[in-house]
Amino acid sequence: MAEYLTKDLEDLLIEDLVLGIPSYPATEPMLHTAIYNTSAPMKRLAYSYGFSVGKEISVISGGKGILHLLNVLDNSGIGRKLYMPAGDVAIIKSSTKTGHRLQTGAMMHNYEAGLISGYLSAYTSKTINTIETHCRYSGAEFCQFVSNDQDQEQPDGAQAAVPPMGKMVEMVRDSSGAPQGKAKSYFLLSILPVLGKQLISESAGLMLALGERLAVSEPRLQRTEALARLASFFDISHQVREKEGAITVTLKYLPYNSTSGFVELSTKAFIGFLSKSFKSSVRLSKAARDNVYTVRMSTKSGV
Ligand SMILES: [Zn+2]
């Protein structure tokens with residue numbers, strides 16, 4: 001896995017897990033924001049994939065304007081957005097004045113920047129570029145995106161492989177509906193490309209490290225509480241059974257997040273946590289029934 005902000009990303013995710021409201025999506029940074037900052041190629045992927053999604057959202061909306069885009073961004077969980085046209089430039093700014101307590105020094109919302117560009121490009125029939133100029137994770141109190149039709153310095157233009165997923169259009173529709181403030185489908189939609197075979201190992205590495213860190217560095221959380229937080233972070237229902245010092249965790253996915261890629265990604269965090277916390281190898285079995293995955297994990301013994 002690329003050494004790229006990794007420790008900061010783990011910190012950010014752990015803050016969510018420990019301090020976040022135990023419901024998914026918890027607080028920023030969301031899973032996708034962390035995953036898309038694990039490497040420079042991931043940043044590029046985020047932008048170009050976000051572009052494709054933004055375009056699709058505009059097409060599906062049937063030519064709705066900027067307000068629709070702002071509604072979509074409301075679902076991203078980074079706060080109500082303001083739109084300020086300024087000559088040839090459009091500025092979109094999140095209105096929440098809540099810089100994150102932890103700072104990475106990086107502009108982290110590449111996916112959202114791409115999404116804004118794609119939407120505006122489809123809407124105006126020009127190629128619009130967007131850069132994030134301020135970010136809650138770089139010391140600013142807000143995120144700000146500047147769009148225009150000039151070339152701006154982007155994470156350079158690698159083409160995103162947009163996954164040919166049947167559910168994508170449906171999810172786009174769902175995530176671009178009325179502002180729901182943090183739509184579940186928004187987050188799953190945003191990570192679709194990394195759930196493919198080629199990219200999943202990089203993100204899975206971050207999830208494994210996250211679980212391990214949670215086990216060793218969070219005295220604030222009891223084990224069962226930590227497991228509950230992990231489950232709610234990924235929006236999975238879970239059961240814990242302890243017997244003779246060994247622990248069995250059963251995860252039941254919801255229909256919307258029951259895809260093999262997401263199962264692989266999320267179970268990595270549990271494996272990391274259980275193996276570190278119980279100093280044991282973890283046995284894993286999974287089964288899919290009626291399109292819903294159930295995963296069972298057991299340690300050999302407890303400590
Ligand atoms: Zn930002």
# chains A, B, ... in the order shown; residues from 1 in each chain; ligands from 1

call {"tool": "residues_around", "arguments": {"residues": "range 124-137 of chain A", "least_positions_apart": "4", "cutoff": "6 Å", "atoms": "only C-alpha atoms", "output": "list in words"}}
result
Gly99, His100, Gln103, Thr104, Met107, Ala113, Ser117, Leu120, Glu141, Phe142, Cys143, Gln144, Phe145, Val146, Ser147, Asn148 and Asp149 of chain A

call {"tool": "write_last_selection", "arguments": {"atoms": "N, CA and C atoms", "output": "PDB file, in the first residue's frame"}}
result
ATOM      1  N   GLY A  99     -14.115  23.311  10.950  1.00  0.00           N
ATOM      2  CA  GLY A  99     -12.898  22.654  10.515  1.00  0.00           C
ATOM      3  C   GLY A  99     -12.762  21.371  11.306  1.00  0.00           C
ATOM      4  N   HIS A 100     -12.125  20.375  10.727  1.00  0.00           N
ATOM      5  CA  HIS A 100     -11.965  19.133  11.467  1.00  0.00           C
ATOM      6  C   HIS A 100     -10.847  19.301  12.484  1.00  0.00           C
ATOM      7  N   GLN A 103      -5.930  17.485  11.249  1.00  0.00           N
ATOM      8  CA  GLN A 103      -5.593  18.108   9.978  1.00  0.00           C
ATOM      9  C   GLN A 103      -4.584  17.264   9.212  1.00  0.00           C
ATOM     10  N   THR A 104      -4.835  17.093   7.937  1.00  0.00           N
ATOM     11  CA  THR A 104      -3.873  16.367   7.116  1.00  0.00           C
ATOM     12  C   THR A 104      -3.048  17.319   6.264  1.00  0.00           C
ATOM     13  N   MET A 107      -6.006  18.906   0.527  1.00  0.00           N
ATOM     14  CA  MET A 107      -7.367  19.091   0.025  1.00  0.00           C
ATOM     15  C   MET A 107      -7.891  17.685  -0.250  1.00  0.00           C
ATOM     16  N   ALA A 113     -14.987  17.447  -6.041  1.00  0.00           N
ATOM     17  CA  ALA A 113     -14.530  18.394  -7.074  1.00  0.00           C
ATOM     18  C   ALA A 113     -14.843  17.838  -8.464  1.00  0.00           C
ATOM     19  N   SER A 117     -17.507  19.273 -11.345  1.00  0.00           N
ATOM     20  CA  SER A 117     -17.065  19.502 -12.734  1.00  0.00           C
ATOM     21  C   SER A 117     -17.935  18.757 -13.729  1.00  0.00           C
ATOM     22  N   LEU A 120     -21.444  20.368 -13.921  1.00  0.00           N
ATOM     23  CA  LEU A 120     -21.445  21.667 -14.605  1.00  0.00           C
ATOM     24  C   LEU A 120     -21.086  21.507 -16.082  1.00  0.00           C
ATOM     25  N   GLU A 141     -11.892  26.508   7.720  1.00  0.00           N
ATOM     26  CA  GLU A 141     -13.125  26.178   8.441  1.00  0.00           C
ATOM     27  C   GLU A 141     -14.198  25.659   7.501  1.00  0.00           C
ATOM     28  N   PHE A 142     -13.897  25.663   6.225  1.00  0.00           N
ATOM     29  CA  PHE A 142     -14.903  25.252   5.244  1.00  0.00           C
ATOM     30  C   PHE A 142     -14.184  24.654   4.050  1.00  0.00           C
ATOM     31  N   CYS A 143     -14.944  24.014   3.176  1.00  0.00           N
ATOM     32  CA  CYS A 143     -14.381  23.566   1.903  1.00  0.00           C
ATOM     33  C   CYS A 143     -14.884  24.508   0.821  1.00  0.00           C
ATOM     34  N   GLN A 144     -14.016  24.836  -0.096  1.00  0.00           N
ATOM     35  CA  GLN A 144     -14.422  25.721  -1.181  1.00  0.00           C
ATOM     36  C   GLN A 144     -13.932  25.163  -2.514  1.00  0.00           C
ATOM     37  N   PHE A 145     -14.841  25.166  -3.473  1.00  0.00           N
ATOM     38  CA  PHE A 145     -14.536  24.637  -4.796  1.00  0.00           C
ATOM     39  C   PHE A 145     -14.673  25.752  -5.822  1.00  0.00           C
ATOM     40  N   VAL A 146     -13.670  25.887  -6.672  1.00  0.00           N
ATOM     41  CA  VAL A 146     -13.701  26.921  -7.703  1.00  0.00           C
ATOM     42  C   VAL A 146     -13.746  26.243  -9.069  1.00  0.00           C
ATOM     43  N   SER A 147     -14.759  26.614  -9.848  1.00  0.00           N
ATOM     44  CA  SER A 147     -14.962  25.991 -11.159  1.00  0.00           C
ATOM     45  C   SER A 147     -14.869  27.034 -12.266  1.00  0.00           C
ATOM     46  N   ASN A 148     -14.199  26.685 -13.345  1.00  0.00           N
ATOM     47  CA  ASN A 148     -14.269  27.510 -14.550  1.00  0.00           C
ATOM     48  C   ASN A 148     -13.922  26.651 -15.758  1.00  0.00           C
ATOM     49  N   ASP A 149     -13.954  27.288 -16.932  1.00  0.00           N
ATOM     50  CA  ASP A 149     -13.687  26.486 -18.122  1.00  0.00           C
ATOM     51  C   ASP A 149     -12.235  26.592 -18.575  1.00  0.00           C
TER      52      ASP A 149
END

call {"tool": "atom_distance", "arguments": {"atom1": "CA of Pro193 in chain A", "atom2": "CA of Tyr49 in chain A"}}
result
7.7 Å

call {"tool": "select_by_dssp", "arguments": {"residues": "range 53-149 of chain A", "states": "helix (DSSP H, G or I)", "output": "PyMOL selection string"}}
result
chain A and resi 53-61+66-74+110-124+136-138

call {"tool": "closest_residue", "arguments": {"among": "A:Tyr253, A:Phe187, A:Phe270, A:Tyr123", "to": "Gly54 in chain A", "atoms": "only C-alpha atoms"}}
result
A:Tyr123

call {"tool": "closest_residue", "arguments": {"among": "A:Leu227, A:Ile60, A:Ala140, A:Ala122", "to": "ligand 1", "atoms": "only C-alpha atoms and all ligand atoms"}}
result
A:Ala140

call {"tool": "decode", "arguments": {"residues": "range 276-301 of chain A", "atoms": "N, CA and C atoms", "output": "tab-separated table (two decimals), in the first residue's frame"}}
result
chain	number	residue	atom	x	y	z
A	276	LYS	N	-5.77	-8.29	16.34
A	276	LYS	CA	-4.91	-7.54	17.27
A	276	LYS	C	-5.44	-7.62	18.69
A	277	SER	N	-6.74	-7.44	18.81
A	277	SER	CA	-7.33	-7.35	20.14
A	277	SER	C	-7.27	-8.69	20.88
A	278	PHE	N	-7.45	-9.78	20.15
A	278	PHE	CA	-7.47	-11.11	20.77
A	278	PHE	C	-6.18	-11.89	20.52
A	279	LYS	N	-5.23	-11.25	19.84
A	279	LYS	CA	-3.95	-11.90	19.51
A	279	LYS	C	-4.19	-13.31	18.99
A	280	SER	N	-5.03	-13.38	18.02
A	280	SER	CA	-5.44	-14.69	17.50
A	280	SER	C	-5.63	-14.58	16.00
A	281	SER	N	-5.49	-15.70	15.32
A	281	SER	CA	-5.90	-15.68	13.92
A	281	SER	C	-7.43	-15.65	13.88
A	282	VAL	N	-7.97	-15.25	12.76
A	282	VAL	CA	-9.43	-15.11	12.65
A	282	VAL	C	-9.94	-16.03	11.54
A	283	ARG	N	-10.88	-16.87	11.93
A	283	ARG	CA	-11.52	-17.73	10.91
A	283	ARG	C	-12.72	-16.98	10.34
A	284	LEU	N	-12.88	-17.09	9.06
A	284	LEU	CA	-13.95	-16.31	8.42
A	284	LEU	C	-14.76	-17.18	7.48
A	285	SER	N	-16.06	-17.06	7.55
A	285	SER	CA	-16.89	-17.72	6.54
A	285	SER	C	-17.95	-16.75	6.07
A	286	LYS	N	-18.26	-16.82	4.79
A	286	LYS	CA	-19.33	-15.93	4.34
A	286	LYS	C	-20.30	-16.66	3.44
A	287	ALA	N	-21.52	-16.19	3.47
A	287	ALA	CA	-22.56	-16.80	2.66
A	287	ALA	C	-23.49	-15.71	2.16
A	288	ALA	N	-23.98	-15.89	0.96
A	288	ALA	CA	-24.95	-14.93	0.42
A	288	ALA	C	-26.27	-15.64	0.20
A	289	ARG	N	-27.32	-15.05	0.70
A	289	ARG	CA	-28.64	-15.63	0.52
A	289	ARG	C	-29.62	-14.50	0.26
A	290	ASP	N	-30.48	-14.68	-0.70
A	290	ASP	CA	-31.41	-13.62	-1.09
A	290	ASP	C	-30.69	-12.28	-1.26
A	291	ASN	N	-29.52	-12.35	-1.89
A	291	ASN	CA	-28.72	-11.15	-2.16
A	291	ASN	C	-28.25	-10.42	-0.91
A	292	VAL	N	-28.22	-11.09	0.19
A	292	VAL	CA	-27.70	-10.47	1.40
A	292	VAL	C	-26.58	-11.33	1.96
A	293	TYR	N	-25.46	-10.69	2.23
A	293	TYR	CA	-24.31	-11.42	2.76
A	293	TYR	C	-24.37	-11.54	4.27
A	294	THR	N	-23.97	-12.70	4.75
A	294	THR	CA	-23.73	-12.87	6.17
A	294	THR	C	-22.29	-13.36	6.31
A	295	VAL	N	-21.55	-12.72	7.21
A	295	VAL	CA	-20.15	-13.08	7.43
A	295	VAL	C	-19.98	-13.46	8.89
A	296	ARG	N	-19.30	-14.56	9.12
A	296	ARG	CA	-19.03	-14.97	10.50
A	296	ARG	C	-17.53	-15.02	10.72
A	297	MET	N	-17.09	-14.40	11.80
A	297	MET	CA	-15.66	-14.40	12.11
A	297	MET	C	-15.45	-14.90	13.53
A	298	SER	N	-14.49	-15.77	13.72
A	298	SER	CA	-14.22	-16.25	15.07
A	298	SER	C	-12.73	-16.21	15.35
A	299	THR	N	-12.43	-15.88	16.61
A	299	THR	CA	-11.03	-16.01	17.06
A	299	THR	C	-10.88	-17.37	17.68
A	300	LYS	N	-9.65	-17.82	17.80
A	300	LYS	CA	-9.41	-19.14	18.40
A	300	LYS	C	-9.59	-19.07	19.90
A	301	SER	N	-9.03	-18.02	20.46
A	301	SER	CA	-9.16	-17.88	21.91
A	301	SER	C	-9.04	-16.41	22.23
